[in-house]
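Structure data (PDB, C-alpha atoms (C1' of nucleotides)) from query_34.pdb:
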```pdb
ATOM      1  CA  MET Z1460      54.093  93.781 -19.583
ATOM      2  CA  LEU Z1461      55.630  92.236 -16.470
ATOM      3  CA  LYS Z1462      58.906  94.010 -17.160
ATOM      4  CA  LEU Z1463      61.161  95.485 -14.526
ATOM      5  CA  SER Z1464      61.863  99.181 -15.039
ATOM      6  CA  LYS Z1465      65.266 100.419 -16.125
ATOM      7  CA  LYS Z1466      65.553 102.173 -12.775
ATOM      8  CA  VAL Z1467      65.269  98.867 -10.974
ATOM      9  CA  GLU Z1468      67.863  97.305 -13.272
ATOM     10  CA  TYR Z1469      70.200 100.218 -12.652
ATOM     11  CA  GLY Z1470      69.618  99.925  -8.923
ATOM     12  CA  LEU Z1471      70.440  96.239  -8.889
ATOM     13  CA  ILE Z1472      73.578  96.787 -10.932
ATOM     14  CA  ALA Z1473      74.691  99.592  -8.642
ATOM     15  CA  VAL Z1474      74.055  97.717  -5.409
ATOM     16  CA  ARG Z1475      75.783  94.651  -6.792
ATOM     17  CA  HIS Z1476      78.721  96.797  -7.848
ATOM     18  CA  ILE Z1477      79.186  98.297  -4.403
ATOM     19  CA  ALA Z1478      78.834  94.902  -2.768
ATOM     20  CA  SER Z1479      81.410  93.381  -5.103
ATOM     21  CA  LEU Z1480      83.974  95.964  -3.967
ATOM     22  CA  ASN Z1481      83.650  94.919  -0.347
ATOM     23  CA  ASN Z1482      81.745  98.054   0.426
ATOM     24  CA  GLN Z1483      84.495 100.423  -0.606
ATOM     25  CA  ILE Z1484      83.027 103.819  -1.501
ATOM     26  CA  SER Z1485      81.665 104.177  -5.067
ATOM     27  CA  THR Z1486      80.472 107.212  -6.994
ATOM     28  CA  VAL Z1487      77.719 107.772  -9.526
ATOM     29  CA  LYS Z1488      80.323 108.786 -12.087
ATOM     30  CA  GLU Z1489      82.261 105.581 -11.648
ATOM     31  CA  ILE Z1490      79.204 103.328 -11.918
ATOM     32  CA  SER Z1491      77.510 105.205 -14.737
ATOM     33  CA  GLU Z1492      80.654 105.104 -16.843
ATOM     34  CA  LYS Z1493      81.425 101.471 -16.172
ATOM     35  CA  TYR Z1494      77.953 100.241 -17.130
ATOM     36  CA  THR Z1495      76.935 102.985 -19.585
ATOM     37  CA  ILE Z1496      74.063 104.225 -17.470
ATOM     38  CA  PRO Z1497      72.890 107.859 -17.873
ATOM     39  CA  SER Z1498      74.384 109.496 -14.810
ATOM     40  CA  ASP Z1499      71.418 111.742 -14.023
ATOM     41  CA  VAL Z1500      69.089 108.785 -13.976
ATOM     42  CA  LEU Z1501      71.459 106.730 -11.871
ATOM     43  CA  ALA Z1502      71.871 109.634  -9.465
ATOM     44  CA  LYS Z1503      68.164 109.660  -8.728
ATOM     45  CA  VAL Z1504      68.132 105.913  -8.296
ATOM     46  CA  MET Z1505      70.951 106.188  -5.765
ATOM     47  CA  GLN Z1506      69.022 108.850  -3.899
ATOM     48  CA  ARG Z1507      66.023 106.538  -3.633
ATOM     49  CA  LEU Z1508      68.182 103.683  -2.427
ATOM     50  CA  THR Z1509      69.623 106.039   0.172
ATOM     51  CA  LYS Z1510      66.201 107.173   1.366
ATOM     52  CA  GLY Z1511      65.217 103.523   1.603
ATOM     53  CA  LYS Z1512      68.272 102.891   3.777
ATOM     54  CA  LEU Z1513      69.694 100.206   1.545
ATOM     55  CA  ILE Z1514      72.815 102.270   0.921
ATOM     56  CA  SER Z1515      74.457 105.193   2.762
ATOM     57  CA  SER Z1516      75.502 108.394   1.054
ATOM     58  CA  HIS Z1517      78.637 110.393   1.819
ATOM     59  CA  GLN Z1518      78.378 113.935   0.539
ATOM     60  CA  GLY Z1519      81.052 116.260  -0.701
ATOM     61  CA  ALA Z1520      84.309 115.696  -2.511
ATOM     62  CA  MET Z1521      85.629 112.156  -2.006
ATOM     63  CA  GLY Z1522      82.058 111.215  -1.202
ATOM     64  CA  GLY Z1523      79.933 108.481  -2.721
ATOM     65  CA  TYR Z1524      77.943 105.490  -1.579
ATOM     66  CA  THR Z1525      78.437 102.398   0.534
ATOM     67  CA  LEU Z1526      76.026  99.633   1.526
ATOM     68  CA  ALA Z1527      73.919 100.316   4.579
ATOM     69  CA  ARG Z1528      73.361  96.601   5.239
ATOM     70  CA  ARG Z1529      75.159  93.405   4.472
ATOM     71  CA  ALA Z1530      74.549  92.095   0.951
ATOM     72  CA  GLU Z1531      72.892  89.011   2.448
ATOM     73  CA  GLU Z1532      70.270  91.285   3.972
ATOM     74  CA  ILE Z1533      69.266  93.096   0.792
ATOM     75  CA  SER Z1534      66.756  91.301  -1.419
ATOM     76  CA  VAL Z1535      65.763  92.087  -4.968
ATOM     77  CA  MET Z1536      62.345  92.879  -3.530
ATOM     78  CA  ASP Z1537      63.889  95.507  -1.243
ATOM     79  CA  VAL Z1538      65.467  97.220  -4.231
ATOM     80  CA  ILE Z1539      62.236  97.128  -6.227
ATOM     81  CA  ALA Z1540      60.114  98.411  -3.354
ATOM     82  CA  VAL Z1541      62.448 101.260  -2.512
ATOM     83  CA  ILE Z1542      62.929 102.416  -6.087
ATOM     84  CA  GLU Z1543      59.322 102.140  -7.180
ATOM     85  CA  GLY Z1544      58.005 103.668  -4.003
ATOM     86  CA  THR Z1545      54.580 102.133  -4.365
ATOM     87  CA  GLN Z1546      53.499  98.628  -3.496
ATOM     88  CA  VAL Z1547      54.277  96.254  -6.351
ATOM     89  CA  GLY Z1548      51.215  94.396  -7.564
ATOM     90  CA  ILE Z1549      50.452  92.379 -10.681
ATOM     91  CA  ALA Z1550      46.984  93.932 -10.712
ATOM     92  CA  GLN Z1551      45.314  97.012  -9.280
ATOM     93  CA  CYS Z1552      43.867  94.774  -6.558
ATOM     94  CA  PHE Z1553      47.245  94.518  -4.933
ATOM     95  CA  SER Z1554      48.429  98.095  -5.123
ATOM     96  CA  GLU Z1555      46.890 101.516  -4.565
ATOM     97  CA  GLU Z1556      43.134 102.095  -4.837
ATOM     98  CA  PRO Z1557      41.919  98.545  -5.480
ATOM     99  CA  GLN Z1558      38.329  99.739  -5.538
ATOM    100  CA  ASN Z1559      39.052 101.956  -8.531
ATOM    101  CA  CYS Z1560      39.594  98.928 -10.747
ATOM    102  CA  SER Z1561      37.084  98.975 -13.578
ATOM    103  CA  ILE Z1562      36.057  95.400 -12.865
ATOM    104  CA  PHE Z1563      36.293  95.525  -9.076
ATOM    105  CA  HIS Z1564      32.673  94.737  -8.258
ATOM    106  CA  ASN Z1565      32.359  91.226  -9.616
ATOM    107  CA  CYS Z1566      35.913  90.282 -10.460
ATOM    108  CA  THR Z1567      36.276  86.520 -10.422
ATOM    109  CA  ILE Z1568      40.046  86.328 -10.492
ATOM    110  CA  LYS Z1569      41.052  88.236  -7.352
ATOM    111  CA  ASN Z1570      41.858  85.142  -5.334
ATOM    112  CA  PRO Z1571      43.878  83.261  -7.935
ATOM    113  CA  LEU Z1572      45.795  86.418  -8.799
ATOM    114  CA  GLY Z1573      46.401  86.869  -5.103
ATOM    115  CA  LYS Z1574      48.052  83.463  -4.965
ATOM    116  CA  ILE Z1575      50.235  84.334  -7.920
ATOM    117  CA  GLN Z1576      51.105  87.667  -6.357
ATOM    118  CA  HIS Z1577      52.165  85.905  -3.183
ATOM    119  CA  ASN Z1578      54.372  83.473  -5.060
ATOM    120  CA  LEU Z1579      56.026  86.254  -7.018
ATOM    121  CA  GLU Z1580      56.828  88.018  -3.774
ATOM    122  CA  LEU Z1581      58.468  84.844  -2.516
ATOM    123  CA  VAL Z1582      60.646  84.745  -5.621
ATOM    124  CA  PHE Z1583      61.756  88.352  -5.327
ATOM    125  CA  ASN Z1584      62.243  88.171  -1.596
ATOM    126  CA  SER Z1585      64.366  85.055  -1.690
ATOM    127  CA  MET Z1586      66.961  86.398  -4.120
ATOM    128  CA  LYS Z1587      69.561  88.405  -2.198
ATOM    129  CA  VAL Z1588      72.193  90.767  -3.510
ATOM    130  CA  SER Z1589      74.831  88.455  -2.070
ATOM    131  CA  GLU Z1590      73.821  85.864  -4.679
ATOM    132  CA  ILE Z1591      74.341  88.335  -7.505
ATOM    133  CA  VAL Z1592      77.901  89.272  -6.698
TER     134      VAL Z1592
ATOM    135  CA  MET K1461      55.717  97.893 -13.431
ATOM    136  CA  LEU K1462      55.268  94.131 -13.239
ATOM    137  CA  LYS K1463      51.546  94.534 -13.868
ATOM    138  CA  LEU K1464      49.464  92.238 -16.000
ATOM    139  CA  SER K1465      47.694  94.041 -18.828
ATOM    140  CA  LYS K1466      43.939  94.570 -18.791
ATOM    141  CA  LYS K1467      43.725  92.336 -21.842
ATOM    142  CA  VAL K1468      45.213  89.454 -19.894
ATOM    143  CA  GLU K1469      42.826  90.071 -17.011
ATOM    144  CA  TYR K1470      39.898  90.117 -19.413
ATOM    145  CA  GLY K1471      41.147  86.941 -21.029
ATOM    146  CA  LEU K1472      41.405  85.131 -17.725
ATOM    147  CA  ILE K1473      37.947  86.254 -16.680
ATOM    148  CA  ALA K1474      36.481  85.150 -19.997
ATOM    149  CA  VAL K1475      38.142  81.754 -20.032
ATOM    150  CA  ARG K1476      37.142  81.168 -16.428
ATOM    151  CA  HIS K1477      33.585  82.184 -17.258
ATOM    152  CA  ILE K1478      33.287  79.713 -20.110
ATOM    153  CA  ALA K1479      34.835  76.970 -18.017
ATOM    154  CA  SER K1480      32.438  77.655 -15.152
ATOM    155  CA  LEU K1481      29.469  77.039 -17.456
ATOM    156  CA  ASN K1482      30.668  73.560 -18.327
ATOM    157  CA  ASN K1483      31.726  74.743 -21.719
ATOM    158  CA  GLN K1484      28.295  75.863 -22.803
ATOM    159  CA  ILE K1485      28.564  78.492 -25.570
ATOM    160  CA  SER K1486      29.185  82.091 -24.413
ATOM    161  CA  THR K1487      29.143  85.358 -26.327
ATOM    162  CA  VAL K1488      31.168  88.531 -26.099
ATOM    163  CA  LYS K1489      28.000  90.474 -25.309
ATOM    164  CA  GLU K1490      27.145  88.201 -22.399
ATOM    165  CA  ILE K1491      30.622  88.329 -20.868
ATOM    166  CA  SER K1492      31.236  92.020 -21.456
ATOM    167  CA  GLU K1493      27.946  92.924 -19.798
ATOM    168  CA  LYS K1494      28.347  90.597 -16.859
ATOM    169  CA  TYR K1495      31.820  91.877 -15.945
ATOM    170  CA  THR K1496      31.594  95.425 -17.344
ATOM    171  CA  ILE K1497      34.320  94.932 -19.920
ATOM    172  CA  PRO K1498      34.343  97.122 -23.068
ATOM    173  CA  SER K1499      32.958  94.750 -25.672
ATOM    174  CA  ASP K1500      35.275  95.838 -28.478
ATOM    175  CA  VAL K1501      38.311  95.186 -26.343
ATOM    176  CA  LEU K1502      36.999  91.848 -25.175
ATOM    177  CA  ALA K1503      36.183  90.883 -28.760
ATOM    178  CA  LYS K1504      39.815  91.267 -29.773
ATOM    179  CA  VAL K1505      40.972  89.325 -26.752
ATOM    180  CA  MET K1506      38.646  86.479 -27.690
ATOM    181  CA  GLN K1507      40.029  86.521 -31.217
ATOM    182  CA  ARG K1508      43.544  86.143 -29.864
ATOM    183  CA  LEU K1509      42.503  83.297 -27.611
ATOM    184  CA  THR K1510      40.901  81.656 -30.628
ATOM    185  CA  LYS K1511      44.005  82.034 -32.769
ATOM    186  CA  GLY K1512      46.007  80.570 -29.919
ATOM    187  CA  LYS K1513      43.656  77.574 -29.876
ATOM    188  CA  LEU K1514      42.701  77.985 -26.245
ATOM    189  CA  ILE K1515      39.053  78.531 -27.181
ATOM    190  CA  SER K1516      36.995  77.731 -30.289
ATOM    191  CA  SER K1517      34.804  80.268 -32.058
ATOM    192  CA  HIS K1518      31.407  79.593 -33.589
ATOM    193  CA  GLN K1519      30.449  82.293 -36.071
ATOM    194  CA  GLY K1520      27.031  83.583 -37.029
ATOM    195  CA  ALA K1521      23.797  83.966 -35.114
ATOM    196  CA  MET K1522      23.642  81.725 -32.037
ATOM    197  CA  GLY K1523      27.419  81.611 -32.243
ATOM    198  CA  GLY K1524      29.979  82.340 -29.549
ATOM    199  CA  TYR K1525      32.896  80.643 -27.866
ATOM    200  CA  THR K1526      33.646  77.377 -26.112
ATOM    201  CA  LEU K1527      36.859  76.028 -24.625
ATOM    202  CA  ALA K1528      39.156  74.257 -27.050
ATOM    203  CA  ARG K1529      40.851  72.285 -24.272
ATOM    204  CA  ARG K1530      39.918  71.081 -20.831
ATOM    205  CA  ALA K1531      40.311  73.754 -18.128
ATOM    206  CA  GLU K1532      42.983  71.608 -16.473
ATOM    207  CA  GLU K1533      45.074  71.969 -19.611
ATOM    208  CA  ILE K1534      44.989  75.761 -19.830
ATOM    209  CA  SER K1535      47.502  77.602 -17.663
ATOM    210  CA  VAL K1536      47.645  81.272 -16.820
ATOM    211  CA  MET K1537      50.888  81.306 -18.781
ATOM    212  CA  ASP K1538      49.064  80.025 -21.872
ATOM    213  CA  VAL K1539      46.604  82.882 -21.644
ATOM    214  CA  ILE K1540      49.354  85.448 -21.181
ATOM    215  CA  ALA K1541      51.476  84.099 -24.023
ATOM    216  CA  VAL K1542      48.591  83.929 -26.483
ATOM    217  CA  ILE K1543      47.237  87.384 -25.689
ATOM    218  CA  GLU K1544      50.555  89.202 -25.540
ATOM    219  CA  GLY K1545      51.889  87.485 -28.617
ATOM    220  CA  THR K1546      55.483  88.137 -27.675
ATOM    221  CA  GLN K1547      57.655  86.219 -25.266
ATOM    222  CA  VAL K1548      57.131  87.458 -21.725
ATOM    223  CA  GLY K1549      60.351  88.597 -20.092
ATOM    224  CA  ILE K1550      61.103  90.650 -16.998
ATOM    225  CA  ALA K1551      63.950  92.306 -18.915
ATOM    226  CA  GLN K1552      64.926  92.832 -22.520
ATOM    227  CA  CYS K1553      67.382  89.956 -22.117
ATOM    228  CA  PHE K1554      64.534  87.488 -22.125
ATOM    229  CA  SER K1555      62.379  88.836 -24.923
ATOM    230  CA  GLU K1556      62.971  90.272 -28.386
ATOM    231  CA  GLU K1557      66.324  91.756 -29.384
ATOM    232  CA  PRO K1558      68.356  91.175 -26.215
ATOM    233  CA  GLN K1559      71.419  92.730 -27.832
ATOM    234  CA  ASN K1560      69.604  96.049 -28.195
ATOM    235  CA  CYS K1561      69.559  96.532 -24.430
ATOM    236  CA  SER K1562      71.437  99.694 -23.538
ATOM    237  CA  ILE K1563      73.505  97.862 -20.953
ATOM    238  CA  PHE K1564      73.904  94.570 -22.821
ATOM    239  CA  HIS K1565      77.686  94.538 -23.117
ATOM    240  CA  ASN K1566      78.711  94.355 -19.488
ATOM    241  CA  CYS K1567      75.468  93.681 -17.701
ATOM    242  CA  THR K1568      76.165  91.972 -14.391
ATOM    243  CA  ILE K1569      72.635  90.882 -13.578
ATOM    244  CA  LYS K1570      71.704  88.703 -16.550
ATOM    245  CA  ASN K1571      72.144  85.420 -14.718
ATOM    246  CA  PRO K1572      70.299  86.308 -11.519
ATOM    247  CA  LEU K1573      67.462  87.840 -13.515
ATOM    248  CA  GLY K1574      67.388  84.669 -15.570
ATOM    249  CA  LYS K1575      66.800  82.652 -12.418
ATOM    250  CA  ILE K1576      63.998  84.952 -11.391
ATOM    251  CA  GLN K1577      62.510  84.756 -14.867
ATOM    252  CA  HIS K1578      62.553  80.977 -14.673
ATOM    253  CA  ASN K1579      60.831  80.941 -11.303
ATOM    254  CA  LEU K1580      58.144  83.331 -12.490
ATOM    255  CA  GLU K1581      57.443  81.057 -15.430
ATOM    256  CA  LEU K1582      57.007  78.168 -13.014
ATOM    257  CA  VAL K1583      54.437  80.162 -11.066
ATOM    258  CA  PHE K1584      52.418  81.129 -14.125
ATOM    259  CA  ASN K1585      52.638  77.680 -15.659
ATOM    260  CA  SER K1586      51.492  75.868 -12.553
ATOM    261  CA  MET K1587      48.255  77.801 -12.112
ATOM    262  CA  LYS K1588      45.551  76.275 -14.302
ATOM    263  CA  VAL K1589      42.178  77.692 -15.264
ATOM    264  CA  SER K1590      40.560  74.748 -13.497
ATOM    265  CA  GLU K1591      41.813  76.190 -10.200
ATOM    266  CA  ILE K1592      40.174  79.528 -10.898
ATOM    267  CA  VAL K1593      36.658  78.251 -11.471
TER     268      VAL K1593
ATOM    269  C1'  DA F1060      88.750 131.389   1.498
ATOM    270  C1'  DT F1061      88.046 129.319  -2.730
ATOM    271  C1'  DG F1062      87.340 125.909  -6.146
ATOM    272  C1'  DA F1063      86.463 121.245  -7.424
ATOM    273  C1'  DA F1064      84.066 117.008  -6.673
ATOM    274  C1'  DA F1065      80.434 114.968  -5.151
ATOM    275  C1'  DT F1066      75.300 114.238  -3.607
ATOM    276  C1'  DA F1067      70.206 116.339  -3.524
ATOM    277  C1'  DG F1068      66.369 117.288  -5.949
ATOM    278  C1'  DG F1069      62.865 119.742  -8.829
ATOM    279  C1'  DA F1070      61.039 120.816 -13.617
ATOM    280  C1'  DC F1071      60.515 119.598 -18.056
ATOM    281  C1'  DT F1072      60.386 116.867 -22.588
ATOM    282  C1'  DA F1073      59.975 112.865 -25.660
ATOM    283  C1'  DC F1074      58.456 108.462 -26.630
ATOM    284  C1'  DG F1075      56.139 104.195 -26.535
ATOM    285  C1'  DC F1076      52.629 101.304 -25.040
ATOM    286  C1'  DA F1077      48.144 100.261 -23.058
ATOM    287  C1'  DA F1078      43.433 100.946 -23.466
ATOM    288  C1'  DG F1079      39.673 102.114 -25.724
ATOM    289  C1'  DT F1080      36.806 103.691 -29.892
ATOM    290  C1'  DC F1081      35.063 103.400 -34.515
ATOM    291  C1'  DG F1082      33.936 101.500 -38.855
ATOM    292  C1'  DT F1083      33.262  97.717 -41.814
ATOM    293  C1'  DA F1084      33.244  92.966 -43.462
ATOM    294  C1'  DT F1085      31.852  88.267 -42.905
ATOM    295  C1'  DT F1086      29.346  84.280 -41.282
ATOM    296  C1'  DT F1087      25.167  81.865 -40.056
ATOM    297  C1'  DG F1088      20.530  80.817 -38.152
ATOM    298  C1'  DC F1089      15.612  81.885 -38.400
TER     299       DC F1089
ATOM    300  C1'  DG L 572      16.538  89.052 -46.093
ATOM    301  C1'  DC L 573      17.409  90.401 -41.540
ATOM    302  C1'  DA L 574      19.445  89.972 -37.166
ATOM    303  C1'  DA L 575      23.023  88.199 -34.287
ATOM    304  C1'  DA L 576      27.242  87.040 -33.862
ATOM    305  C1'  DT L 577      32.562  86.844 -34.905
ATOM    306  C1'  DA L 578      36.771  89.071 -37.596
ATOM    307  C1'  DC L 579      39.756  92.700 -38.082
ATOM    308  C1'  DG L 580      42.099  96.973 -39.289
ATOM    309  C1'  DA L 581      42.697 102.094 -38.328
ATOM    310  C1'  DC L 582      42.677 105.543 -35.225
ATOM    311  C1'  DT L 583      42.805 108.385 -30.732
ATOM    312  C1'  DT L 584      43.892 109.232 -26.082
ATOM    313  C1'  DG L 585      46.204 109.015 -21.783
ATOM    314  C1'  DC L 586      49.752 107.639 -18.838
ATOM    315  C1'  DG L 587      54.043 105.931 -17.284
ATOM    316  C1'  DT L 588      58.987 105.279 -18.429
ATOM    317  C1'  DA L 589      63.167 107.184 -19.539
ATOM    318  C1'  DG L 590      65.947 110.765 -20.091
ATOM    319  C1'  DT L 591      67.641 115.793 -19.978
ATOM    320  C1'  DC L 592      68.566 120.131 -17.805
ATOM    321  C1'  DC L 593      69.353 123.255 -14.181
ATOM    322  C1'  DT L 594      70.410 124.681  -9.606
ATOM    323  C1'  DA L 595      71.486 124.021  -4.673
ATOM    324  C1'  DT L 596      74.192 121.994  -1.110
ATOM    325  C1'  DT L 597      77.952 119.589   1.122
ATOM    326  C1'  DT L 598      82.755 118.612   1.887
ATOM    327  C1'  DC L 599      87.618 118.004   0.916
ATOM    328  C1'  DA L 600      92.057 119.930  -0.523
ATOM    329  C1'  DT L 601      94.972 123.583  -1.540
TER     330       DT L 601
END
```

In structure tokens, how does this file's structure come out?
Amino acid sequence: MLKLSKKVEYGLIAVRHIASLNNQISTVKEISEKYTIPSDVLAKVMQRLTKGKLISSHQGAMGGYTLARRAEEISVMDVIAVIEGTQVGIAQCFSEEPQNCSIFHNCTIKNPLGKIQHNLELVFNSMKVSEIV
Amino acid sequence: MLKLSKKVEYGLIAVRHIASLNNQISTVKEISEKYTIPSDVLAKVMQRLTKGKLISSHQGAMGGYTLARRAEEISVMDVIAVIEGTQVGIAQCFSEEPQNCSIFHNCTIKNPLGKIQHNLELVFNSMKVSEIV
DNA sequence: ATGAAATAGGACTACGCAAGTCGTATTTGC
DNA sequence: GCAAATACGACTTGCGTAGTCCTATTTCAT
């Protein structure tokens, strides 16, 4: 409960790694070996980060990945959002299909949870990759 | 990912409910019917809250539950901790068996995640049941 | 041209946890 | 003694996470 997924952890490690090398090109093989991350899983994470325009891919031999923005402009929230795809919410209220929640009709904790949700977003938004390097 | 469990939601609703009735005795049946919560599930949640000394149980006919502390002295974090049993952590680093994490040895994001973890705890600690009523 | 190194991406499996169900015991008031 | 309530363990089910496997595509170097 309340845990980040491994994919998000891998994504943060990868983005931090690239940033720490002054944006020199890095490959999945290099990162997966250095941090003992299953390369297939990391590959998919990198593809998501690419689609989300946080990093840029360079195909073919001698290819790899570089940052697509400055490290100061990538937040932990960006990484989470891009990798998870869906809106991150601590309850169904704040993600897809709120009305499908089994207690939607007379839920008494929507507003307080909303406040908490907002504060969590502040936390994740304020931490930038540049602080992790 | 990063979602509260249904048990925690049920626990918050129940504690809020009791608090809103000025600590008059409430039963599982009453709460489960009012908010459409499966009564067996709610019953176990109430037992956890009792063991955690957030509420007091009164067995037998005409029994039920009352708060064991003032609503100002029960935080959302208390409810989470008591219901989940284990330490809440956004990564394995901050809960049981940190050294079993597959990337423990040269993980580069322990410290930044630790900061985030700390800030999340602040958020959950600062919200009290008295603010939810 | 061809082969090697790299990304792109879909299909599938295994596992663990969350959620809920069921059955039974125990306590207590009327 | 019966009914209303809590206490609690065992079990089932479903879903999401994590990981594996396989193939296609792109690009560089020889």

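In this structure, the chain K residues at most 7 Å away from chain Z are Met1461, Leu1462, Lys1463, Leu1464, Ser1465, Ile1473, Tyr1495, Thr1496, Gly1549, Ile1550, Ala1551, Ile1563, Asn1566, Thr1568, Ile1569, Pro1572, Ile1576, Asn1579, Leu1580, Val1583 and Ile1592 of chain K, with all atoms listed in the file considered.
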
Define the interface residues of chain F facing chain Z as those within 12 Å, counting only C-alpha atoms (C1' of nucleotides), and report them as an MDAnalysis selection string. chainID F and resid 1062:1069 1076:1078

Counting all atoms listed in the file, which residues from chain L have an atom at most 8 Å from any atom of chain Z, and could you show them as a PyMOL selection string? chain L and resi 588-590+597-599

Can you give me, as an NGL selection string, the residues this file yields under the PyMOL selection byres ((chain L and resi 584) around 9)? (:F and (1078-1079)) or (:L and (583 or 585))

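Atom pair atom CA of K:Cys1553 / atom CA of Z:Met1536: separated by 19.5 Å.
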
As an exercise, work out the distance from atom CA of K:Arg1529 to atom CA of K:Asn1482 in Å and give it to one decimal place. 11.9 Å

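Atom pair atom CA of K:Thr1526 / atom C1' of F:DC1081: separated by 27.4 Å.
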
Add whatever atoms are absent from stretch 1519-1539 of chain K to reach N, CA and C atoms, and provide the output as a PDB file, keeping the file's coordinate frame.
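The resulting file, selection.pdb, is reproduced below:
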```pdb
ATOM      1  N   GLN K1519      30.938  81.065 -35.457  1.00  0.00           N
ATOM      2  CA  GLN K1519      30.449  82.293 -36.071  1.00  0.00           C
ATOM      3  C   GLN K1519      28.946  82.265 -36.307  1.00  0.00           C
ATOM      4  N   GLY K1520      28.430  83.461 -36.649  1.00  0.00           N
ATOM      5  CA  GLY K1520      27.031  83.583 -37.029  1.00  0.00           C
ATOM      6  C   GLY K1520      26.085  83.672 -35.843  1.00  0.00           C
ATOM      7  N   ALA K1521      24.809  83.880 -36.158  1.00  0.00           N
ATOM      8  CA  ALA K1521      23.797  83.966 -35.114  1.00  0.00           C
ATOM      9  C   ALA K1521      23.830  82.692 -34.275  1.00  0.00           C
ATOM     10  N   MET K1522      23.567  82.841 -32.989  1.00  0.00           N
ATOM     11  CA  MET K1522      23.642  81.725 -32.037  1.00  0.00           C
ATOM     12  C   MET K1522      25.078  81.228 -31.867  1.00  0.00           C
ATOM     13  N   GLY K1523      26.028  82.009 -32.380  1.00  0.00           N
ATOM     14  CA  GLY K1523      27.419  81.611 -32.243  1.00  0.00           C
ATOM     15  C   GLY K1523      27.992  82.032 -30.903  1.00  0.00           C
ATOM     16  N   GLY K1524      29.312  81.968 -30.795  1.00  0.00           N
ATOM     17  CA  GLY K1524      29.979  82.340 -29.549  1.00  0.00           C
ATOM     18  C   GLY K1524      31.255  81.551 -29.385  1.00  0.00           C
ATOM     19  N   TYR K1525      31.620  81.313 -28.122  1.00  0.00           N
ATOM     20  CA  TYR K1525      32.896  80.643 -27.866  1.00  0.00           C
ATOM     21  C   TYR K1525      32.740  79.499 -26.878  1.00  0.00           C
ATOM     22  N   THR K1526      33.532  78.467 -27.089  1.00  0.00           N
ATOM     23  CA  THR K1526      33.646  77.377 -26.112  1.00  0.00           C
ATOM     24  C   THR K1526      35.132  77.104 -25.892  1.00  0.00           C
ATOM     25  N   LEU K1527      35.457  76.377 -24.851  1.00  0.00           N
ATOM     26  CA  LEU K1527      36.859  76.028 -24.625  1.00  0.00           C
ATOM     27  C   LEU K1527      37.328  75.062 -25.719  1.00  0.00           C
ATOM     28  N   ALA K1528      38.597  75.172 -26.069  1.00  0.00           N
ATOM     29  CA  ALA K1528      39.156  74.257 -27.050  1.00  0.00           C
ATOM     30  C   ALA K1528      39.923  73.140 -26.358  1.00  0.00           C
ATOM     31  N   ARG K1529      40.170  73.305 -25.073  1.00  0.00           N
ATOM     32  CA  ARG K1529      40.851  72.285 -24.272  1.00  0.00           C
ATOM     33  C   ARG K1529      40.137  72.201 -22.937  1.00  0.00           C
ATOM     34  N   ARG K1530      40.470  71.189 -22.178  1.00  0.00           N
ATOM     35  CA  ARG K1530      39.918  71.081 -20.831  1.00  0.00           C
ATOM     36  C   ARG K1530      40.551  72.168 -19.953  1.00  0.00           C
ATOM     37  N   ALA K1531      39.830  72.668 -18.990  1.00  0.00           N
ATOM     38  CA  ALA K1531      40.311  73.754 -18.128  1.00  0.00           C
ATOM     39  C   ALA K1531      41.587  73.366 -17.394  1.00  0.00           C
ATOM     40  N   GLU K1532      41.767  72.072 -17.153  1.00  0.00           N
ATOM     41  CA  GLU K1532      42.983  71.608 -16.473  1.00  0.00           C
ATOM     42  C   GLU K1532      44.216  71.768 -17.363  1.00  0.00           C
ATOM     43  N   GLU K1533      43.961  71.927 -18.655  1.00  0.00           N
ATOM     44  CA  GLU K1533      45.074  71.969 -19.611  1.00  0.00           C
ATOM     45  C   GLU K1533      45.338  73.379 -20.124  1.00  0.00           C
ATOM     46  N   ILE K1534      44.722  74.362 -19.465  1.00  0.00           N
ATOM     47  CA  ILE K1534      44.989  75.761 -19.830  1.00  0.00           C
ATOM     48  C   ILE K1534      45.602  76.455 -18.622  1.00  0.00           C
ATOM     49  N   SER K1535      46.845  76.918 -18.776  1.00  0.00           N
ATOM     50  CA  SER K1535      47.502  77.602 -17.663  1.00  0.00           C
ATOM     51  C   SER K1535      47.387  79.110 -17.846  1.00  0.00           C
ATOM     52  N   VAL K1536      47.615  79.812 -16.753  1.00  0.00           N
ATOM     53  CA  VAL K1536      47.645  81.272 -16.820  1.00  0.00           C
ATOM     54  C   VAL K1536      48.723  81.708 -17.812  1.00  0.00           C
ATOM     55  N   MET K1537      49.819  80.979 -17.836  1.00  0.00           N
ATOM     56  CA  MET K1537      50.888  81.306 -18.781  1.00  0.00           C
ATOM     57  C   MET K1537      50.408  81.192 -20.224  1.00  0.00           C
ATOM     58  N   ASP K1538      49.607  80.168 -20.515  1.00  0.00           N
ATOM     59  CA  ASP K1538      49.064  80.025 -21.872  1.00  0.00           C
ATOM     60  C   ASP K1538      48.283  81.269 -22.264  1.00  0.00           C
ATOM     61  N   VAL K1539      47.445  81.719 -21.361  1.00  0.00           N
ATOM     62  CA  VAL K1539      46.604  82.882 -21.644  1.00  0.00           C
ATOM     63  C   VAL K1539      47.477  84.116 -21.871  1.00  0.00           C
TER      64      VAL K1539
END
```
